[in-house]
Amino acid sequence: MAASGTDELHQALIRDHFRRPRNRGALEAPAMSGRAHNRFCGDTVIMWARLEDGLIAEVTFDGRGCAISLAAASMLTSVARGRSAAEIADLRQTFVDGLAPDGPALPKEVGDLRALAGVRRFPSRVRCALLPFEALEEALRGCR
């Protein structure tokens with residue numbers, strides 16, 4: 001079955017974030033960091049965040065892994081800026097719901113992460129898309 005035009009655009013966006021990641025590299029101290037590792041495939045993502053007035057002022061990532069996990073990390077850095085830890089938890093739940101097999105369409109509030117909606121067809125890859133959220137939530141733990 002051939003990919004639809006939307007699928008092709010989403011795949012191109014995922015490749016773009018993987019090949020030319022946004023906000024990659026460690027933040028200098030003081031910054032919080034969190035790490036998530038997928039034992040199934042070996043992907044690892046580290047997220048760094050700096051808060052100002054309870055909101056994410058800066059967020060970056062690094063890691064190694066598949067196109068999905070690293071593209072998701074790049075995408076998340078853009079959508080996370082300006083949000084609180086509680087908003088990140090809500091955003092993650094929205095993303096999880098949208099990646100469920102019969103889940104709702106992902107809303108605009110998740111930004112480029114919408115391009116990962118097709119991952120729902122591959123349940124073993126959903127964890128790859130969620131890895132950056134796990135790392136960022138670990139970094140933000142205690143900030144709620």
# chains A, B, ... in the order shown; residues from 1 in each chain; ligands from 1

call {"tool": "residues_around", "arguments": {"residues": "Pro123 (chain A)", "least_positions_apart": "6", "cutoff": "9 Å", "atoms": "only C-alpha atoms", "output": "ChimeraX atom specification"}}
result
/A:99-101

call {"tool": "write_last_selection", "arguments": {"atoms": "N, CA, C and O atoms", "output": "short mmCIF file (atom, residue, chain, number, x, y, z; two decimals), in the first residue's frame"}}
result
data_model
loop_
_atom_site.label_atom_id
_atom_site.label_comp_id
_atom_site.auth_asym_id
_atom_site.auth_seq_id
_atom_site.Cartn_x
_atom_site.Cartn_y
_atom_site.Cartn_z
N LEU A 99 -1.34 8.19 20.37
CA LEU A 99 -0.57 7.08 19.81
C LEU A 99 -1.23 5.73 20.06
O LEU A 99 -0.74 4.70 19.59
N ALA A 100 -2.35 5.72 20.77
CA ALA A 100 -3.09 4.48 20.99
C ALA A 100 -3.65 4.01 19.65
O ALA A 100 -3.94 4.83 18.76
N PRO A 101 -3.81 2.69 19.47
CA PRO A 101 -4.27 2.16 18.17
C PRO A 101 -5.52 2.84 17.63
O PRO A 101 -5.60 3.11 16.44
#

call {"tool": "residues_around", "arguments": {"residues": "Leu113 (chain A)", "least_positions_apart": "2", "cutoff": "8 Å", "atoms": "only C-alpha atoms", "output": "list of chain:residue names"}}
result
A:Ala72, A:Met75, A:Leu76, A:Val110, A:Gly111, A:Ala115, A:Leu116, A:Ala117

call {"tool": "closest_residue", "arguments": {"among": "A:Leu136, A:Arg19, A:Arg114, A:Ser124", "to": "Ile88 (chain A)", "atoms": "only C-alpha atoms"}}
result
A:Leu136

call {"tool": "atom_distance", "arguments": {"atom1": "CA of Val59 (chain A)", "atom2": "CA of Glu137 (chain A)"}}
result
11.8 Å

call {"tool": "closest_residue", "arguments": {"among": "A:Ser69, A:Ser78, A:Thr94, A:Ser84", "to": "Ile14 (chain A)", "atoms": "only C-alpha atoms"}}
result
A:Ser69

call {"tool": "select_by_dssp", "arguments": {"residues": "chain A", "states": "alpha helix (DSSP H)", "output": "ChimeraX atom specification"}}
result
/A:5-19,67-80,85-99,123-140
